[in-house]
Structure formats: structure tokens, C-alpha cells
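Just work.txt here, compact mmCIF, C-alpha atoms and all ligand atoms:
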```txt
# COMPACT_ATOMS: atom_id res chain seq x y z
CA MET A 1 134.30 113.29 98.07
CA PRO A 2 131.15 115.44 97.69
CA THR A 3 128.92 116.12 100.68
CA PRO A 4 125.31 114.83 100.39
CA SER A 5 124.27 118.41 99.61
CA GLU A 6 126.85 118.80 96.81
CA TYR A 7 125.91 115.37 95.43
CA LEU A 8 122.15 116.03 95.47
CA ASN A 9 122.63 119.37 93.74
CA ARG A 10 123.85 117.55 90.63
CA ALA A 11 120.44 115.86 90.31
CA ALA A 12 117.56 117.16 88.18
CA VAL A 13 115.15 114.36 89.10
CA ILE A 14 115.01 112.11 92.17
CA ILE A 15 112.55 109.22 91.87
CA ILE A 16 111.65 107.24 94.97
CA THR A 17 109.21 104.38 95.49
CA GLY A 18 107.42 103.96 98.81
CA GLY A 19 107.90 107.50 100.12
CA SER A 20 104.55 107.39 101.91
CA SER A 21 105.96 105.85 105.09
CA GLY A 22 108.98 104.47 106.95
CA ILE A 23 112.40 104.52 105.30
CA GLY A 24 111.16 106.08 102.04
CA CYS A 25 109.44 108.92 103.89
CA SER A 26 112.62 109.52 105.92
CA ILE A 27 114.71 109.58 102.74
CA ILE A 28 112.44 112.29 101.24
CA LYS A 29 112.65 114.24 104.53
CA ALA A 30 116.46 113.90 104.59
CA ILE A 31 116.73 115.06 100.96
CA GLN A 32 114.54 118.08 101.72
CA THR A 33 116.60 118.89 104.82
CA VAL A 34 119.89 118.67 102.91
CA GLY A 35 118.30 120.76 100.14
CA THR A 36 118.01 120.09 96.42
CA ASN A 37 116.75 121.81 93.30
CA ALA A 38 115.75 118.45 91.85
CA CYS A 39 112.17 117.44 91.23
CA ILE A 40 111.31 114.69 93.75
CA CYS A 41 108.87 112.14 92.36
CA ASN A 42 107.24 109.55 94.62
CA LEU A 43 105.55 106.33 93.53
CA SER A 44 103.34 104.50 96.03
CA ARG A 45 99.66 103.74 96.53
CA SER A 46 99.11 106.52 99.07
CA LYS A 47 100.44 110.07 98.88
CA PRO A 48 103.25 110.91 101.31
CA GLU A 49 102.01 113.11 104.17
CA ILE A 50 105.26 115.07 104.11
CA LEU A 51 105.01 117.77 101.52
CA LEU A 52 106.84 116.98 98.30
CA GLU A 53 107.43 120.77 98.09
CA LYS A 54 106.74 122.91 95.03
CA LYS A 55 108.63 120.71 92.59
CA GLY A 56 107.34 117.42 94.01
CA VAL A 57 105.23 114.93 92.10
CA HIS A 58 103.25 111.96 93.38
CA ILE A 59 102.29 109.17 90.99
CA SER A 60 99.73 106.96 92.68
CA THR A 61 100.77 103.42 91.70
CA ASP A 62 100.41 99.86 92.87
CA LEU A 63 103.88 98.64 91.91
CA SER A 64 102.91 94.99 92.45
CA ASP A 65 100.82 95.31 89.27
CA PRO A 66 103.09 94.98 86.19
CA GLN A 67 100.68 97.05 84.02
CA ALA A 68 100.70 99.88 86.57
CA VAL A 69 104.52 99.81 86.57
CA LEU A 70 104.51 100.20 82.77
CA SER A 71 102.23 103.21 82.91
CA ALA A 72 104.18 104.79 85.80
CA ALA A 73 107.44 104.28 83.87
CA GLU A 74 105.95 106.08 80.89
CA GLN A 75 105.12 109.08 83.11
CA LEU A 76 108.64 108.97 84.58
CA ARG A 77 110.23 109.02 81.13
CA THR A 78 108.22 112.15 80.24
CA LEU A 79 109.15 113.77 83.56
CA ILE A 80 112.86 113.11 82.94
CA ALA A 81 112.66 114.28 79.31
CA ASP A 82 111.04 117.58 80.44
CA ALA A 83 113.50 118.18 83.30
CA THR A 84 116.38 120.67 83.12
CA SER A 85 119.83 119.18 82.61
CA GLY A 86 121.15 117.17 85.53
CA GLU A 87 121.46 113.65 86.87
CA VAL A 88 118.66 111.19 87.72
CA ILE A 89 118.58 109.27 90.99
CA LEU A 90 116.21 106.29 91.20
CA ILE A 91 115.57 104.89 94.70
CA ASN A 92 113.70 101.55 94.63
CA ASN A 93 112.48 101.34 98.21
CA SER A 94 108.89 99.96 98.14
CA GLY A 95 108.67 96.50 99.62
CA PHE A 96 106.95 94.28 102.16
CA GLY A 97 107.42 90.95 103.91
CA ASP A 98 105.09 88.18 105.07
CA TYR A 99 105.89 86.36 108.29
CA GLY A 100 104.95 82.73 108.93
CA VAL A 101 105.38 79.09 107.99
CA MET A 102 105.34 78.60 104.24
CA PRO A 103 102.30 76.31 103.63
CA THR A 104 100.07 78.55 105.78
CA LEU A 105 101.00 81.81 104.04
CA ASP A 106 98.72 83.34 101.42
CA ARG A 107 99.93 82.35 97.96
CA CYS A 108 98.73 85.56 96.25
CA LYS A 109 100.48 87.73 98.84
CA GLN A 110 103.73 85.79 98.30
CA LEU A 111 103.52 86.36 94.55
CA LYS A 112 102.65 90.05 95.00
CA MET A 113 105.75 90.36 97.19
CA ILE A 114 107.93 88.99 94.40
CA ASP A 115 106.22 91.34 91.92
CA LEU A 116 106.83 94.36 94.16
CA ASN A 117 110.22 93.62 95.76
CA VAL A 118 111.85 92.14 92.64
CA ARG A 119 109.91 92.61 89.41
CA SER A 120 109.00 96.30 89.82
CA MET A 121 112.58 97.15 90.85
CA VAL A 122 114.02 95.48 87.74
CA ASP A 123 111.32 96.86 85.43
CA LEU A 124 111.44 100.48 86.68
CA THR A 125 115.24 100.49 86.51
CA LEU A 126 115.36 99.08 82.98
CA GLN A 127 112.67 101.49 81.80
CA VAL A 128 114.50 104.64 82.91
CA LEU A 129 118.12 103.46 82.57
CA PRO A 130 118.61 104.65 78.95
CA GLN A 131 117.78 108.24 80.00
CA MET A 132 119.93 107.87 83.12
CA LEU A 133 122.89 106.78 80.99
CA ASP A 134 122.54 110.02 78.97
CA ARG A 135 122.34 112.22 82.06
CA GLY A 136 124.33 110.32 84.70
CA GLY A 137 123.03 109.35 88.12
CA ALA A 138 122.50 106.43 90.48
CA VAL A 139 120.16 103.51 91.11
CA VAL A 140 119.70 102.92 94.85
CA ASN A 141 117.99 99.68 95.85
CA ILE A 142 116.85 99.00 99.41
CA ALA A 143 117.75 95.38 100.20
CA SER A 144 118.10 94.12 103.80
CA THR A 145 120.42 92.18 106.11
CA SER A 146 117.99 89.30 105.30
CA ALA A 147 119.76 89.23 101.93
CA PHE A 148 122.90 87.60 103.37
CA GLN A 149 121.37 84.27 104.45
CA PRO A 150 118.14 82.25 104.06
CA THR A 151 115.47 83.50 106.48
CA PRO A 152 113.08 80.78 107.71
CA PHE A 153 109.60 82.18 108.51
CA LEU A 154 110.33 85.04 106.08
CA ALA A 155 111.47 82.70 103.30
CA THR A 156 110.14 84.56 100.25
CA TYR A 157 110.99 87.98 101.67
CA GLY A 158 114.60 87.01 102.44
CA ALA A 159 114.99 85.49 98.97
CA THR A 160 113.63 88.65 97.29
CA LYS A 161 116.18 90.72 99.24
CA SER A 162 119.03 88.36 98.21
CA PHE A 163 117.92 89.02 94.64
CA VAL A 164 117.91 92.79 95.25
CA LEU A 165 121.41 92.69 96.74
CA ASN A 166 123.00 90.45 94.10
CA TRP A 167 121.25 92.16 91.20
CA THR A 168 122.33 95.61 92.40
CA LEU A 169 125.98 94.66 92.90
CA ALA A 170 126.09 92.99 89.47
CA LEU A 171 124.34 95.98 87.87
CA ASN A 172 126.96 98.26 89.39
CA GLU A 173 129.67 96.22 87.64
CA ASP A 174 127.73 96.23 84.34
CA LEU A 175 127.55 100.02 84.61
CA ARG A 176 131.29 100.50 85.17
CA GLY A 177 132.65 103.07 82.73
CA THR A 178 129.25 104.81 82.43
CA ARG A 179 127.98 107.85 84.34
CA VAL A 180 125.52 105.71 86.32
CA ARG A 181 126.26 103.53 89.36
CA ALA A 182 124.18 101.25 91.56
CA LEU A 183 124.08 101.14 95.35
CA ALA A 184 122.54 98.47 97.60
CA ILE A 185 121.42 99.55 101.09
CA CYS A 186 121.02 96.76 103.65
CA PRO A 187 119.19 97.93 106.76
CA GLY A 188 118.63 95.62 109.71
CA PRO A 189 115.43 95.81 111.82
CA THR A 190 114.13 99.38 111.49
CA ARG A 191 111.15 101.10 113.12
CA SER A 192 108.47 101.52 110.42
CA ASN A 193 105.16 99.99 109.31
CA PHE A 194 107.09 97.03 107.92
CA PHE A 195 106.49 94.62 110.83
CA LYS A 196 102.76 95.33 111.05
CA ALA A 197 102.44 94.85 107.27
CA ALA A 198 104.38 91.57 107.55
CA GLY A 199 101.96 90.23 110.18
CA PHE A 200 104.04 90.52 113.37
CA GLU A 201 102.03 90.94 116.60
CA THR A 202 104.73 93.29 117.92
CA PRO A 203 107.92 94.46 116.22
CA PRO A 204 110.66 91.91 117.06
CA MET A 205 112.98 94.68 118.25
CA ASN A 206 110.67 95.16 121.23
CA SER A 207 111.82 91.82 122.60
CA GLY A 208 114.79 89.53 123.14
CA ALA A 209 118.09 89.69 121.27
CA ASN A 210 116.76 91.98 118.55
CA ALA A 211 116.16 94.76 121.09
CA THR A 212 119.71 96.03 120.52
CA LEU A 213 119.42 95.98 116.71
CA ASP A 214 116.73 98.60 116.49
CA MET A 215 117.36 101.58 114.19
CA THR A 216 115.12 104.47 113.19
CA ALA A 217 114.08 105.12 109.59
CA ASP A 218 115.77 108.55 109.86
CA GLU A 219 119.08 106.85 110.70
CA VAL A 220 118.74 104.53 107.68
CA ALA A 221 117.98 107.58 105.49
CA ALA A 222 121.14 109.35 106.74
CA TYR A 223 123.23 106.24 105.95
CA THR A 224 121.66 106.14 102.48
CA LEU A 225 122.50 109.75 101.59
CA ASN A 226 126.06 109.42 102.91
CA ALA A 227 126.63 106.19 100.94
CA LEU A 228 125.21 107.84 97.82
CA ALA A 229 127.51 110.87 98.12
CA SER A 230 130.59 108.81 98.97
CA GLY A 231 130.33 106.59 95.87
CA LYS A 232 129.77 103.28 97.72
CA ALA A 233 128.19 100.22 96.03
CA LEU A 234 127.03 98.60 99.29
CA MET A 235 126.00 99.97 102.66
CA VAL A 236 125.01 97.76 105.60
CA THR A 237 123.62 100.15 108.19
CA GLY A 238 125.46 100.13 111.54
CA TRP A 239 128.23 97.93 112.95
CA LYS A 240 125.91 95.35 114.58
CA ASN A 241 124.16 94.73 111.25
CA LYS A 242 127.58 94.58 109.54
CA CYS A 243 128.60 91.76 111.97
CA ILE A 244 125.38 89.83 111.20
CA ALA A 245 125.91 90.26 107.47
CA PHE A 246 129.54 89.14 107.78
CA PHE A 247 128.75 85.95 109.75
CA GLY A 248 125.67 85.26 107.62
CA SER A 249 127.76 85.19 104.46
CA LYS A 250 130.96 83.54 105.82
CA PHE A 251 129.66 80.41 107.59
CA PRO A 252 128.30 77.34 105.74
CA ILE A 253 124.86 78.22 104.44
CA LEU A 254 123.17 75.15 106.01
CA TRP A 255 124.47 76.05 109.51
CA VAL A 256 123.41 79.66 109.14
CA THR A 257 119.93 78.63 107.95
CA ARG A 258 119.56 76.23 110.90
CA ILE A 259 120.72 78.77 113.49
CA GLY A 260 118.54 81.48 111.91
CA GLY A 261 115.60 79.07 111.97
CA LYS A 262 116.12 78.36 115.72
CA LEU A 263 116.26 82.08 116.59
CA LEU A 264 113.25 82.90 114.44
CA ARG A 265 111.29 79.91 115.81
CA LYS A 266 111.83 81.32 119.33
CA LEU A 267 110.63 84.68 118.08
CA ARG A 268 107.62 82.98 116.50
CA LEU A 269 106.66 81.38 119.84
CA GLU A 270 106.99 84.79 121.56
CA GLN A 271 104.80 86.36 118.87
CA HIS A 272 102.24 83.56 119.20
CA ARG A 273 102.11 84.07 122.99
CA LYS A 274 101.62 87.83 122.54
CA GLY A 275 98.87 87.20 119.99
CA GLN A 276 96.96 85.12 122.57
CA GLN A 277 97.29 87.72 125.38
N1 LIG B 301 111.76 98.02 108.49
C1 LIG B 301 112.72 97.12 108.45
O1 LIG B 301 113.08 96.51 109.46
C2 LIG B 301 113.45 96.88 107.15
C3 LIG B 301 114.68 96.23 107.21
C4 LIG B 301 115.37 95.99 106.03
C5 LIG B 301 114.84 96.40 104.82
N2 LIG B 301 113.64 97.03 104.78
C6 LIG B 301 113.10 97.43 103.47
O2 LIG B 301 112.92 98.82 103.45
C7 LIG B 301 111.94 99.15 102.47
C8 LIG B 301 110.94 100.13 103.07
O3 LIG B 301 110.24 99.49 104.10
P1 LIG B 301 109.84 100.23 105.47
O4 LIG B 301 110.55 99.57 106.57
O5 LIG B 301 109.95 101.69 105.32
O6 LIG B 301 108.31 99.75 105.57
P2 LIG B 301 106.94 100.56 105.44
O7 LIG B 301 106.90 101.67 106.43
O8 LIG B 301 105.88 99.52 105.49
O9 LIG B 301 106.99 101.21 103.97
C9 LIG B 301 106.77 100.46 102.83
C10 LIG B 301 106.56 101.39 101.66
O10 LIG B 301 106.36 100.57 100.49
C11 LIG B 301 105.21 101.04 99.81
N3 LIG B 301 104.48 99.95 99.18
C12 LIG B 301 103.99 98.83 99.74
N4 LIG B 301 103.28 98.12 98.84
C13 LIG B 301 103.33 98.84 97.67
C14 LIG B 301 102.78 98.65 96.39
N5 LIG B 301 102.03 97.57 96.09
N6 LIG B 301 103.03 99.59 95.43
C15 LIG B 301 103.78 100.68 95.71
N7 LIG B 301 104.34 100.91 96.91
C16 LIG B 301 104.10 100.00 97.89
C17 LIG B 301 104.31 101.65 100.90
O11 LIG B 301 103.48 102.65 100.30
P3 LIG B 301 101.89 102.47 100.08
O12 LIG B 301 101.38 101.57 101.15
O13 LIG B 301 101.38 103.88 100.14
O14 LIG B 301 101.75 101.89 98.70
C18 LIG B 301 105.34 102.28 101.83
O15 LIG B 301 105.61 103.60 101.43
C19 LIG B 301 111.31 97.82 102.04
O16 LIG B 301 111.83 97.43 100.80
C20 LIG B 301 111.74 96.86 103.13
O17 LIG B 301 111.83 95.54 102.65
C21 LIG B 301 112.93 97.29 105.92
```
Would you mind writing the structure in this file as C-alpha cells?
Amino acid sequence: MPTPSEYLNRAAVIIITGGSSGIGCSIIKAIQTVGTNACICNLSRSKPEILLEKKGVHISTDLSDPQAVLSAAEQLRTLIADATSGEVILINNSGFGDYGVMPTLDRCKQLKMIDLNVRSMVDLTLQVLPQMLDRGGAVVNIASTSAFQPTPFLATYGATKSFVLNWTLALNEDLRGTRVRALAICPGPTRSNFFKAAGFETPPMNSGANATLDMTADEVAAYTLNALASGKALMVTGWKNKCIAFFGSKFPILWVTRIGGKLLRKLRLEQHRKGQQ
């Protein structure tokens, strides 16, 4: 089994979405720490503060806009075609959630979430996959432990992450016998801008039962590189998240939805109280 350093040294191009903050930023940092000769290319609306080093490229893109994805994919294809021989790693990490009761949530934001979390992941992957098949490599998609059961109060977000998980595992089977594989990463609650962007008053890990589930973005990045090097198709980060994923997928779906709804309703009341303070 190669070490992350040996694995990354096979790559000529590493493409990541959402490297400007949180988990994506930590993945770029971890790649730079491990060391690679590959060109790292980031796609997000703002430029990552961490230096993308000499060979780094930033393509400023709103991936929730299908036209912008098309134009970014064209630039990526040129970048790959011009790169020295070596594998291509595509990390689809950009994503956001929206917390609240369905009828009160903004319809446009819900649709943008589907466009970003689902559509852009599928489109970017399909647009660069032919070149990846020639060179070898991996598609890494950041799903979530929300993927394993319905998530009341984060209904659309949880459903997009179920799509990401199932699509990635199926893609990995489709790719069997080729030089490309797919890997789904399922982090649990992680410290990043995610909760603020999703409309939480305070990150849920600062309170109640979730306090013990907290992970840093650097830890998720380390899990990601290890899973990539070790040839895994699925990585749920940490044993507590693994337990949640196991119970979420083994018990009857209606029970799990109901229990999840009760826990999240309690969280919602806590959030509401904090918002009024
Ligand atoms: N934090 C958690 O608890 C957690 C748990 C499980 C899974 N995840 C998943 O992990 C991934 C990374 O999230 P994070 O926790 O690191 O949150 P984050 O700190 O908010 O980072 C989100 C990233 O997505 C990018 N992004 C957002 N909208 C975009 C758009 N329209 N076009 C292009 N890029 C966009 C942002 O870049 P710009 O704003 O510069 O565009 C940013 O770099 C997401 O897919 C999230 O669902 C997070």
C-alpha cells in the first residue's frame, strides 16, 4: 500500500473544488505538507488564502451556475492536456447546506444547493473523466454522514449527500477494470464555515450530544489522503461517525427519520433560544 506521499507523487494534476475554506483548504494544506509535483488547481468563488505554490492555479467559478461549470471544465481539460504525464485526481468538495423547516426555506437557495452539491459534481466528473481514463487517477467526492438517513431540518442537504454517496459508490463499480477509481468521504460535524453558511446561530457541536462529534477540517483532510492512498471506496471519518452511519443505515428508515427529527427539533429549539439572546 503506497503512503500518501508515494500516491500523490503519481499525480500530474490535482483538481479540488472549494479550497478557499474549511475541509477543502485543509486538503490543499495537507497535500502541500505531504509534498507533490502535481499542479494543484482550485475552483471556488474566492481564491484560497493559502498559497497554491508555484504550480497552483485558481479558477474563479460559481459552481452553482451550470454555464460557469461548462467554462471551468473547458479550462480544466486544457490544463490536463498540457500537463506532464501522470494521474489526475479530482476532489469534488464544494457544497453548502440550508437549515430550517422546508416551507420557510428560500426556494432559490434550495435549488442552488442541488446545482452545487449534485449537478456540478456530476458535470465536472463527466467532463474530465475521458482524460482521467487515459491517465489514471481518482474521483474523490465529499459526502457526509447525513447521507445515511433522511435529515429533517436539513432535508435537501441530506438528500444531496445521499446522492453523492450512492453515485460515488456506483461510479466506483462502473470504473472497475479501468485506471480510475472513486472514493466517497463522509465526514460528521466538522469545524468550518459550513454551519454559518447553513444558517445556524452557533455550530451544533458547541452544544448537547453533538459536542463529542466535533472534528477539525485538518483531521478530515488527513482521513481523506489516507483513504485515497489505501485504495478505499468509502471513508466515514472517525469511529463515532461510523457508529452513526451504521445505525442510520441498518434500522427501518421511518424510525431513523423520526428519531433524527426529534434530535434535530431539540437542536432547533436550542438554536432559536440562542438567536433570541
Ligand atoms: N462542516 C461539516 O460539518 C461537514 C460535514 C459533512 C460534510 N461536509 C461537506 O464538506 C464540504 C466542504 O464544506 P466545509 O465544511 O469545508 O464548509 P465551508 O468552510 O463552508 O467550505 C465550503 C466551500 O465550498 C465552496 N463553495 C460554496 N459555494 C460555492 C459555489 N457556488 N461555487 C463554488 N464553490 C462554492 C466555498 O468557496 P467559495 O465561498 O469561495 O465559493 C468553500 O470553499 C461540503 O461539501 C460539505 O457539505 C461538511
task = Dump the neighbourhood of ligand LIG 301 (chain B) as a PyMOL selection string: all residues within 8 Å, distances computed on all atoms listed in the file.
result = chain A and resi 17-25+43-48+61-65+92-97+112+116-117+142-146+157+161+186-197+217
ask   = What residues have an atom no more than 10 Å from (123.5, 109.8, 101.7) in the file's own frame, counting all atoms listed in the file, and can you write them as a PyMOL selection string?
value = chain A and resi 3-5+7-8+27+30-31+34+220-232
key: Atomic separation - CA of Ala182 (chain A) relative to CA of Trp167 (chain A), Å   = 9.6 Å
ask   = In terms of the shortest atom-to-atom distance over all atoms listed in the file, which of A:Gly137, A:Phe148, A:Lys240, A:Leu70 is closest to Ile253 (chain A)?
value =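 With all atoms listed in the file as the atom set, the closest residue is A:Phe148.
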key: Separation of CA of Asn37 (chain A) from CA of Ile80 (chain A) in Å   =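 Straight-line distance from CA of Ile80 (chain A) to CA of Asn37 (chain A) works out to 14.1 Å.
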